[in-house]
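Novice: There's a structure below that I have some questions on.
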Protein chains: 2
Amino acid sequence: MNMQFFYAPTSISLAAHIVLDEAGAQYAPRLIDLALNEQRSEAYLSINPKGRVPALATDDGLLTETPAILDYLAQAYPEADLLPNGGRFARARALEFNAYLCSTVHVAHAHKNRGRRWADDEAALEAMRRHVPNSMLNACSLIEADMLKGPWVMGEQYTVCDPYLFAISRWLESDGVDINQLPRIAAHRLRMRQRPAVARLMSGTYV
Amino acid sequence: MNMQFFYAPTSISLAAHIVLDEAGAQYAPRLIDLALNEQRSEAYLSINPKGRVPALATDDGLLTETPAILDYLAQAYPEADLLPNGGRFARARALEFNAYLCSTVHVAHAHKNRGRRWADDEAALEAMRRHVPNSMLNACSLIEADMLKGPWVMGEQYTVCDPYLFAISRWLESDGVDINQLPRIAAHRLRMRQRPAVARLMSGTYV
């Protein structure tokens, strides 16, 4: 399969990028420069009308949305063993976790720099930014208490949930959250950084 | 399987509720009264620490997040044929669509009545509310133009994506969107209302 992966160094594309690398997928990385607003360029919008990253161009068409890309890659590279073993309910738990990240945690974070999706005036954007440490801590406290089983999100088995959590938890300090309040997430982050693909991507490609 | 389904009449729980009914699942419906803030009651938080609906209590444990519940039910009731046939990529497309609904469209809507998730002061909440017609129209315009193949979301096959779209598109008027700007979504909505399970749920259980 000839794949192209559209990514940006500060973005959530890191999650799928880790999975691509760890699965040994053949793909061409395509940098989209968010500082130049390249995600809204005509050229990129003709590829991905959503104007966001990540996007994965496959032989079958373009795929967007991190939970979908992660599941697709896990199924396309079954030898990497990245979906929970243990049947239908275990698999639903992984989808549940990833849906929580995309609909609640990532959205809380996005109110720092992407507030114009939801309001126009400067005072409201500033009010949103002020609230980010609080909403990120709340959202991540549920992960800390209930969801992250340890050592990996789903327990003993490393799954696609882990790079997704890592891609978000690396934002916590810049979102104003004291990581010491989330010791299990902090430990998970260190564990992730020891993986060769993660170390490689975090030294140059991602920040 | 003994299931309990926690729902609220104005909420997104309608999507999974339709699937439960159409799949012929045995379950006990449990109304959570959002007007009384019952979703944040100690009793409900002990069941679902997220304090939201829907939630599906199964023999294997509690499951939350609409995309996960929909996929789980579709897999648990394969005879209902609610996941796209046509292989791995078609299936990924359904996850992609559902992820877009949960992370972008539902989130745009939530800025009307749930703004306190993302800001505290009244002026900011009011600025968010003002923006909802705009962000909902933008989010749904992409569905109208690119995603909704017709007659159903994925094309000829009815899938879990359809009740999920319906559960959101019924909010469009009260979100300030002129449905005439979205004729294909309007037609999809009418098509959905003709399904017996949907007609049943919309006459009494849901609004």
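Residues are referred to by chain and number: the chain letter is A, B, ... according to the order shown in the structure tokens, the number counts from 1 in that chain, and ligands are numbered separately from 1 in the order shown.
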Apply DSSP to the backbone of this structure and, from region 42-168 of chain B, keep only the residues in strand (DSSP E or B); write these as a count of residues only.
Specialist: 10
Novice: Please provide as a list in words all residues within 12 Å of Pro78 (chain A), with the sequence filter that same-chain residues fewer than 4 positions apart are discarded (counting only C-alpha atoms).
Specialist: Val19, Glu22, Ala23, Gly24, Ala25, Asp71, Tyr72, Leu73, Ala74, Leu82, Leu83, Pro84, Asn85, Thr159 and Val160 of chain A
Novice: Those same residues - all heavy atoms - I'd like them written as an mmCIF file, in the first residue's frame.
Specialist:
```cif
data_model
loop_
_atom_site.group_PDB
_atom_site.id
_atom_site.type_symbol
_atom_site.label_atom_id
_atom_site.label_comp_id
_atom_site.auth_asym_id
_atom_site.auth_seq_id
_atom_site.Cartn_x
_atom_site.Cartn_y
_atom_site.Cartn_z
ATOM 1 N N VAL A 19 2.044 5.021 15.731
ATOM 2 C CA VAL A 19 1.498 3.722 15.310
ATOM 3 C C VAL A 19 2.032 3.332 13.933
ATOM 4 O O VAL A 19 2.411 2.171 13.703
ATOM 5 C CB VAL A 19 -0.044 3.738 15.338
ATOM 6 C CG1 VAL A 19 -0.617 2.485 14.704
ATOM 7 C CG2 VAL A 19 -0.535 3.869 16.786
ATOM 8 N N GLU A 22 5.616 2.160 14.581
ATOM 9 C CA GLU A 22 5.724 0.911 15.337
ATOM 10 C C GLU A 22 5.156 -0.277 14.563
ATOM 11 O O GLU A 22 5.577 -1.414 14.778
ATOM 12 C CB GLU A 22 5.045 1.061 16.702
ATOM 13 C CG GLU A 22 5.791 2.056 17.588
ATOM 14 C CD GLU A 22 5.334 2.046 19.048
ATOM 15 O OE1 GLU A 22 4.177 1.692 19.321
ATOM 16 O OE2 GLU A 22 6.178 2.413 19.907
ATOM 17 N N ALA A 23 4.197 -0.013 13.673
ATOM 18 C CA ALA A 23 3.635 -1.101 12.866
ATOM 19 C C ALA A 23 4.536 -1.436 11.673
ATOM 20 O O ALA A 23 4.294 -2.411 10.969
ATOM 21 C CB ALA A 23 2.238 -0.722 12.379
ATOM 22 N N GLY A 24 5.558 -0.614 11.461
ATOM 23 C CA GLY A 24 6.434 -0.853 10.317
ATOM 24 C C GLY A 24 5.768 -0.539 8.985
ATOM 25 O O GLY A 24 6.101 -1.122 7.957
ATOM 26 N N ALA A 25 4.834 0.392 9.001
ATOM 27 C CA ALA A 25 4.123 0.750 7.769
ATOM 28 C C ALA A 25 5.036 1.510 6.815
ATOM 29 O O ALA A 25 5.912 2.257 7.235
ATOM 30 C CB ALA A 25 2.902 1.609 8.113
ATOM 31 N N ASP A 71 -7.594 2.862 14.580
ATOM 32 C CA ASP A 71 -8.250 1.567 14.440
ATOM 33 C C ASP A 71 -7.919 0.940 13.088
ATOM 34 O O ASP A 71 -7.640 -0.252 12.996
ATOM 35 C CB ASP A 71 -9.768 1.744 14.594
ATOM 36 C CG ASP A 71 -10.477 0.414 14.790
ATOM 37 O OD1 ASP A 71 -10.565 -0.027 15.945
ATOM 38 O OD2 ASP A 71 -10.912 -0.193 13.786
ATOM 39 N N TYR A 72 -7.918 1.773 12.060
ATOM 40 C CA TYR A 72 -7.616 1.275 10.713
ATOM 41 C C TYR A 72 -6.194 0.696 10.657
ATOM 42 O O TYR A 72 -5.983 -0.403 10.127
ATOM 43 C CB TYR A 72 -7.765 2.423 9.718
ATOM 44 C CG TYR A 72 -7.367 2.071 8.312
ATOM 45 C CD1 TYR A 72 -8.193 1.300 7.503
ATOM 46 C CD2 TYR A 72 -6.154 2.512 7.781
ATOM 47 C CE1 TYR A 72 -7.832 0.981 6.205
ATOM 48 C CE2 TYR A 72 -5.782 2.199 6.490
ATOM 49 C CZ TYR A 72 -6.624 1.434 5.704
ATOM 50 O OH TYR A 72 -6.253 1.106 4.424
ATOM 51 N N LEU A 73 -5.234 1.426 11.191
ATOM 52 C CA LEU A 73 -3.852 0.943 11.164
ATOM 53 C C LEU A 73 -3.703 -0.332 11.988
ATOM 54 O O LEU A 73 -3.006 -1.272 11.584
ATOM 55 C CB LEU A 73 -2.891 2.027 11.677
ATOM 56 C CG LEU A 73 -2.725 3.238 10.754
ATOM 57 C CD1 LEU A 73 -1.889 4.312 11.448
ATOM 58 C CD2 LEU A 73 -2.071 2.836 9.432
ATOM 59 N N ALA A 74 -4.353 -0.371 13.130
ATOM 60 C CA ALA A 74 -4.260 -1.572 13.973
ATOM 61 C C ALA A 74 -4.815 -2.791 13.230
ATOM 62 O O ALA A 74 -4.276 -3.895 13.341
ATOM 63 C CB ALA A 74 -5.007 -1.350 15.287
ATOM 64 N N LEU A 82 -2.142 -4.275 18.186
ATOM 65 C CA LEU A 82 -2.396 -2.971 18.807
ATOM 66 C C LEU A 82 -3.847 -2.741 19.224
ATOM 67 O O LEU A 82 -4.201 -1.662 19.686
ATOM 68 C CB LEU A 82 -1.952 -1.844 17.850
ATOM 69 C CG LEU A 82 -0.437 -1.745 17.671
ATOM 70 C CD1 LEU A 82 -0.095 -0.812 16.515
ATOM 71 C CD2 LEU A 82 0.235 -1.269 18.958
ATOM 72 N N LEU A 83 -4.702 -3.752 19.048
ATOM 73 C CA LEU A 83 -6.061 -3.661 19.590
ATOM 74 C C LEU A 83 -6.172 -4.644 20.747
ATOM 75 O O LEU A 83 -5.552 -5.710 20.721
ATOM 76 C CB LEU A 83 -7.107 -3.995 18.519
ATOM 77 C CG LEU A 83 -7.263 -2.984 17.394
ATOM 78 C CD1 LEU A 83 -8.312 -3.457 16.403
ATOM 79 C CD2 LEU A 83 -7.636 -1.611 17.950
ATOM 80 N N PRO A 84 -6.979 -4.301 21.765
ATOM 81 C CA PRO A 84 -7.056 -5.177 22.932
ATOM 82 C C PRO A 84 -7.497 -6.584 22.542
ATOM 83 O O PRO A 84 -8.487 -6.755 21.825
ATOM 84 C CB PRO A 84 -8.130 -4.527 23.807
ATOM 85 C CG PRO A 84 -8.310 -3.157 23.298
ATOM 86 C CD PRO A 84 -7.874 -3.141 21.877
ATOM 87 N N ASN A 85 -6.763 -7.560 22.987
ATOM 88 C CA ASN A 85 -7.251 -8.930 22.926
ATOM 89 C C ASN A 85 -8.237 -9.075 24.075
ATOM 90 O O ASN A 85 -8.189 -8.344 25.050
ATOM 91 C CB ASN A 85 -6.085 -9.905 23.078
ATOM 92 C CG ASN A 85 -5.036 -9.647 22.016
ATOM 93 O OD1 ASN A 85 -5.369 -9.478 20.851
ATOM 94 N ND2 ASN A 85 -3.769 -9.586 22.425
ATOM 95 N N THR A 159 -1.627 -0.820 23.524
ATOM 96 C CA THR A 159 -2.589 -0.706 22.410
ATOM 97 C C THR A 159 -2.509 0.690 21.786
ATOM 98 O O THR A 159 -1.760 1.552 22.259
ATOM 99 C CB THR A 159 -4.048 -0.920 22.884
ATOM 100 O OG1 THR A 159 -4.428 0.195 23.717
ATOM 101 C CG2 THR A 159 -4.202 -2.226 23.669
ATOM 102 N N VAL A 160 -3.316 0.937 20.778
ATOM 103 C CA VAL A 160 -3.362 2.269 20.152
ATOM 104 C C VAL A 160 -3.790 3.365 21.121
ATOM 105 O O VAL A 160 -3.558 4.549 20.861
ATOM 106 C CB VAL A 160 -4.301 2.296 18.914
ATOM 107 C CG1 VAL A 160 -3.719 1.483 17.771
ATOM 108 C CG2 VAL A 160 -5.704 1.848 19.259
#
```
Novice: I need the contact residues of chain A against chain B, so if you could list those with any atom within 8 Å, counting only C-alpha atoms, and return them as a tab-separated table (two decimals) with N, CA and C atoms, in the first residue's frame, that would help.
Specialist:
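What ended up in iface14.tsv:
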```tsv
chain	number	residue	atom	x	y	z
A	49	PRO	N	-10.83	18.36	3.05
A	49	PRO	CA	-11.72	19.53	3.21
A	49	PRO	C	-11.89	19.97	4.66
A	50	LYS	N	-11.54	19.11	5.61
A	50	LYS	CA	-11.64	19.52	7.01
A	50	LYS	C	-10.56	20.53	7.39
A	60	ASP	N	-7.27	3.33	-0.85
A	60	ASP	CA	-8.73	3.32	-0.86
A	60	ASP	C	-9.34	4.70	-0.71
A	63	LEU	N	-8.32	9.13	4.84
A	63	LEU	CA	-8.93	8.84	6.14
A	63	LEU	C	-8.49	9.91	7.13
A	64	THR	N	-9.46	10.47	7.87
A	64	THR	CA	-9.16	11.48	8.89
A	64	THR	C	-9.73	11.01	10.24
A	65	GLU	N	-9.53	11.81	11.27
A	65	GLU	CA	-10.00	11.54	12.63
A	65	GLU	C	-9.12	10.47	13.30
A	67	PRO	N	-9.20	8.62	16.04
A	67	PRO	CA	-9.69	7.29	16.44
A	67	PRO	C	-9.87	6.35	15.25
A	68	ALA	N	-10.30	6.88	14.11
A	68	ALA	CA	-10.51	6.05	12.93
A	68	ALA	C	-9.18	5.60	12.33
A	69	ILE	N	-8.22	6.52	12.26
A	69	ILE	CA	-6.91	6.17	11.69
A	69	ILE	C	-6.23	5.12	12.57
A	71	ASP	N	-7.59	2.86	14.58
A	71	ASP	CA	-8.25	1.57	14.44
A	71	ASP	C	-7.92	0.94	13.09
A	72	TYR	N	-7.92	1.77	12.06
A	72	TYR	CA	-7.62	1.27	10.71
A	72	TYR	C	-6.19	0.70	10.66
A	75	GLN	N	-5.86	-2.58	12.46
A	75	GLN	CA	-6.44	-3.70	11.71
A	75	GLN	C	-5.61	-4.03	10.47
A	76	ALA	N	-4.98	-3.02	9.89
A	76	ALA	CA	-4.18	-3.25	8.68
A	76	ALA	C	-2.86	-3.94	9.02
A	88	ARG	N	-15.04	-8.64	22.40
A	88	ARG	CA	-15.82	-7.49	21.94
A	88	ARG	C	-15.84	-6.36	22.95
A	89	PHE	N	-15.98	-6.71	24.23
A	89	PHE	CA	-16.08	-5.64	25.23
A	89	PHE	C	-14.74	-4.92	25.42
A	92	ALA	N	-14.38	-2.58	22.67
A	92	ALA	CA	-15.25	-1.41	22.86
A	92	ALA	C	-14.64	-0.43	23.86
A	93	ARG	N	-13.97	-0.97	24.87
A	93	ARG	CA	-13.29	-0.11	25.85
A	93	ARG	C	-12.23	0.76	25.21
A	95	LEU	N	-12.23	1.80	22.04
A	95	LEU	CA	-12.96	2.84	21.30
A	95	LEU	C	-13.50	3.90	22.25
A	96	GLU	N	-13.97	3.46	23.41
A	96	GLU	CA	-14.50	4.38	24.42
A	96	GLU	C	-13.40	5.34	24.89
A	99	ALA	N	-12.58	7.75	22.11
A	99	ALA	CA	-13.66	8.73	21.91
A	99	ALA	C	-13.61	9.80	23.01
A	100	TYR	N	-13.27	9.40	24.21
A	100	TYR	CA	-13.14	10.37	25.30
A	100	TYR	C	-12.00	11.35	25.01
A	102	CYS	N	-10.84	12.25	22.06
A	102	CYS	CA	-11.13	13.17	20.94
A	102	CYS	C	-12.26	14.14	21.27
A	103	SER	N	-13.26	13.71	22.04
A	103	SER	CA	-14.43	14.57	22.24
A	103	SER	C	-14.32	15.43	23.49
A	104	THR	N	-13.53	15.02	24.45
A	104	THR	CA	-13.46	15.77	25.71
A	104	THR	C	-12.06	16.33	25.98
A	107	VAL	N	-10.60	18.44	23.00
A	107	VAL	CA	-11.45	19.63	22.88
A	107	VAL	C	-11.14	20.63	24.00
A	108	ALA	N	-10.91	20.15	25.21
A	108	ALA	CA	-10.53	21.05	26.31
A	108	ALA	C	-9.23	21.79	25.95
A	111	HIS	N	-9.33	24.75	23.32
A	111	HIS	CA	-9.83	26.07	23.72
A	111	HIS	C	-8.70	27.06	24.04
A	117	ARG	N	-13.03	28.58	16.88
A	117	ARG	CA	-14.04	27.62	16.44
A	117	ARG	C	-15.38	27.85	17.14
A	118	TRP	N	-15.33	28.45	18.34
A	118	TRP	CA	-16.53	28.49	19.19
A	118	TRP	C	-16.93	29.87	19.65
A	119	ALA	N	-16.14	30.90	19.37
A	119	ALA	CA	-16.52	32.27	19.73
A	119	ALA	C	-15.66	33.23	18.93
A	120	ASP	N	-16.14	34.50	18.83
A	120	ASP	CA	-15.44	35.48	18.01
A	120	ASP	C	-14.66	36.50	18.82
A	121	ASP	N	-15.28	37.00	19.90
A	121	ASP	CA	-14.66	38.18	20.51
A	121	ASP	C	-13.51	37.81	21.45
A	123	ALA	N	-12.48	38.87	24.34
A	123	ALA	CA	-12.70	38.63	25.77
A	123	ALA	C	-13.13	37.17	25.99
A	124	ALA	N	-13.97	36.67	25.11
A	124	ALA	CA	-14.42	35.28	25.24
A	124	ALA	C	-13.25	34.32	25.00
A	125	LEU	N	-12.42	34.63	24.00
A	125	LEU	CA	-11.27	33.77	23.72
A	125	LEU	C	-10.34	33.74	24.93
A	127	ALA	N	-11.24	34.26	28.05
A	127	ALA	CA	-11.93	33.50	29.11
A	127	ALA	C	-11.76	32.00	28.88
A	128	MET	N	-11.82	31.59	27.64
A	128	MET	CA	-11.59	30.17	27.32
A	128	MET	C	-10.17	29.76	27.69
A	130	ARG	N	-8.19	31.00	29.89
A	130	ARG	CA	-8.05	30.95	31.35
A	130	ARG	C	-8.57	29.64	31.93
A	131	HIS	N	-9.55	29.07	31.26
A	131	HIS	CA	-10.23	27.90	31.79
A	131	HIS	C	-9.50	26.59	31.45
A	132	VAL	N	-8.58	26.62	30.52
A	132	VAL	CA	-7.95	25.39	30.02
A	132	VAL	C	-7.25	24.58	31.13
A	135	SER	N	-10.09	22.71	32.94
A	135	SER	CA	-10.81	21.65	32.20
A	135	SER	C	-9.88	20.51	31.82
A	142	LEU	N	-10.01	12.06	35.52
A	142	LEU	CA	-10.81	10.85	35.30
A	142	LEU	C	-9.96	9.74	34.69
```
Novice: Applying 12 Å and only C-alpha atoms, which residues near Arg195 (chain B) remain after dropping the ones on its own chain fewer than 5 positions away? List them as a list in words.
Specialist: Ile18, Val19, Asp21, Glu22, Tyr158, Asp162, Pro163, Phe166, His188, Arg189, Leu190, Arg200, Leu201 and Met202 of chain B
Novice: May I have all residues of region 96-205 of chain A that DSSP, computed from the backbone, assigns to helix (DSSP H, G or I), given as JSON, numbers by chain?
Specialist: {"A": [96, 97, 98, 99, 100, 101, 102, 103, 104, 105, 106, 107, 108, 109, 110, 111, 112, 113, 115, 116, 117, 122, 123, 124, 125, 126, 127, 128, 129, 130, 131, 132, 133, 134, 135, 136, 137, 138, 139, 140, 141, 142, 143, 144, 145, 146, 147, 161, 162, 163, 164, 165, 166, 167, 168, 169, 179, 180, 181, 183, 184, 185, 186, 187, 188, 189, 190, 191, 192, 193, 196, 197, 198, 199, 200, 201, 202, 203, 204, 205]}
Novice: Tell me which protein, DNA and RNA residues are within 8 Å of Pro29 (chain A), counting only C-alpha atoms, leaving out same-chain ones fewer than 4 positions away, and put them as a list in words.
Specialist: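 Neighbouring residues, sequence-local ones excluded: Gln4, Phe5, Phe6 and Tyr7 of chain A.
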Novice: Deliver the residues from the most recent selection as a file, using all heavy atoms, as a PDB file, in the first residue's frame.
Specialist:
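selection_6.pdb was written with the following content:
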```
ATOM      1  N   GLN A   4       0.360   8.178   2.242  1.00  0.00           N
ATOM      2  CA  GLN A   4       0.958   9.456   2.627  1.00  0.00           C
ATOM      3  C   GLN A   4       0.310   9.875   3.941  1.00  0.00           C
ATOM      4  O   GLN A   4      -0.902   9.757   4.094  1.00  0.00           O
ATOM      5  CB  GLN A   4       0.654  10.539   1.597  1.00  0.00           C
ATOM      6  CG  GLN A   4       1.363  10.384   0.274  1.00  0.00           C
ATOM      7  CD  GLN A   4       1.029  11.580  -0.605  1.00  0.00           C
ATOM      8  OE1 GLN A   4       1.518  12.694  -0.428  1.00  0.00           O
ATOM      9  NE2 GLN A   4       0.140  11.340  -1.561  1.00  0.00           N
ATOM     10  N   PHE A   5       1.152  10.395   4.832  1.00  0.00           N
ATOM     11  CA  PHE A   5       0.639  10.803   6.135  1.00  0.00           C
ATOM     12  C   PHE A   5       0.876  12.298   6.328  1.00  0.00           C
ATOM     13  O   PHE A   5       2.022  12.755   6.344  1.00  0.00           O
ATOM     14  CB  PHE A   5       1.316  10.006   7.254  1.00  0.00           C
ATOM     15  CG  PHE A   5       0.778  10.326   8.621  1.00  0.00           C
ATOM     16  CD1 PHE A   5      -0.536  10.039   8.947  1.00  0.00           C
ATOM     17  CD2 PHE A   5       1.593  10.918   9.593  1.00  0.00           C
ATOM     18  CE1 PHE A   5      -1.048  10.336  10.208  1.00  0.00           C
ATOM     19  CE2 PHE A   5       1.097  11.215  10.858  1.00  0.00           C
ATOM     20  CZ  PHE A   5      -0.223  10.922  11.163  1.00  0.00           C
ATOM     21  N   PHE A   6      -0.192  13.057   6.475  1.00  0.00           N
ATOM     22  CA  PHE A   6      -0.127  14.504   6.656  1.00  0.00           C
ATOM     23  C   PHE A   6      -0.100  14.805   8.151  1.00  0.00           C
ATOM     24  O   PHE A   6      -1.018  14.402   8.873  1.00  0.00           O
ATOM     25  CB  PHE A   6      -1.317  15.174   5.971  1.00  0.00           C
ATOM     26  CG  PHE A   6      -1.332  14.921   4.482  1.00  0.00           C
ATOM     27  CD1 PHE A   6      -1.990  13.808   3.965  1.00  0.00           C
ATOM     28  CD2 PHE A   6      -0.650  15.754   3.611  1.00  0.00           C
ATOM     29  CE1 PHE A   6      -1.985  13.549   2.592  1.00  0.00           C
ATOM     30  CE2 PHE A   6      -0.639  15.502   2.239  1.00  0.00           C
ATOM     31  CZ  PHE A   6      -1.311  14.391   1.734  1.00  0.00           C
ATOM     32  N   TYR A   7       0.944  15.501   8.582  1.00  0.00           N
ATOM     33  CA  TYR A   7       1.165  15.679  10.011  1.00  0.00           C
ATOM     34  C   TYR A   7       1.680  17.084  10.302  1.00  0.00           C
ATOM     35  O   TYR A   7       2.081  17.817   9.395  1.00  0.00           O
ATOM     36  CB  TYR A   7       2.173  14.640  10.530  1.00  0.00           C
ATOM     37  CG  TYR A   7       3.604  14.976  10.161  1.00  0.00           C
ATOM     38  CD1 TYR A   7       4.444  15.618  11.080  1.00  0.00           C
ATOM     39  CD2 TYR A   7       4.103  14.688   8.903  1.00  0.00           C
ATOM     40  CE1 TYR A   7       5.744  15.954  10.739  1.00  0.00           C
ATOM     41  CE2 TYR A   7       5.400  15.018   8.552  1.00  0.00           C
ATOM     42  CZ  TYR A   7       6.216  15.650   9.480  1.00  0.00           C
ATOM     43  OH  TYR A   7       7.497  15.987   9.131  1.00  0.00           O
TER      44      TYR A   7
END
```
Novice: To one decimal place, how far is CA of Leu14 (chain A) from CA of Tyr164 (chain A) in Å?
Specialist: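 CA of Tyr164 (chain A) lies 7.8 Å from CA of Leu14 (chain A).
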Novice: Write out as a count of residues only the residues lying within 12 Å of Gln39 (chain B), counting only C-alpha atoms and excluding same-chain residues fewer than 6 positions away.
Specialist: 19
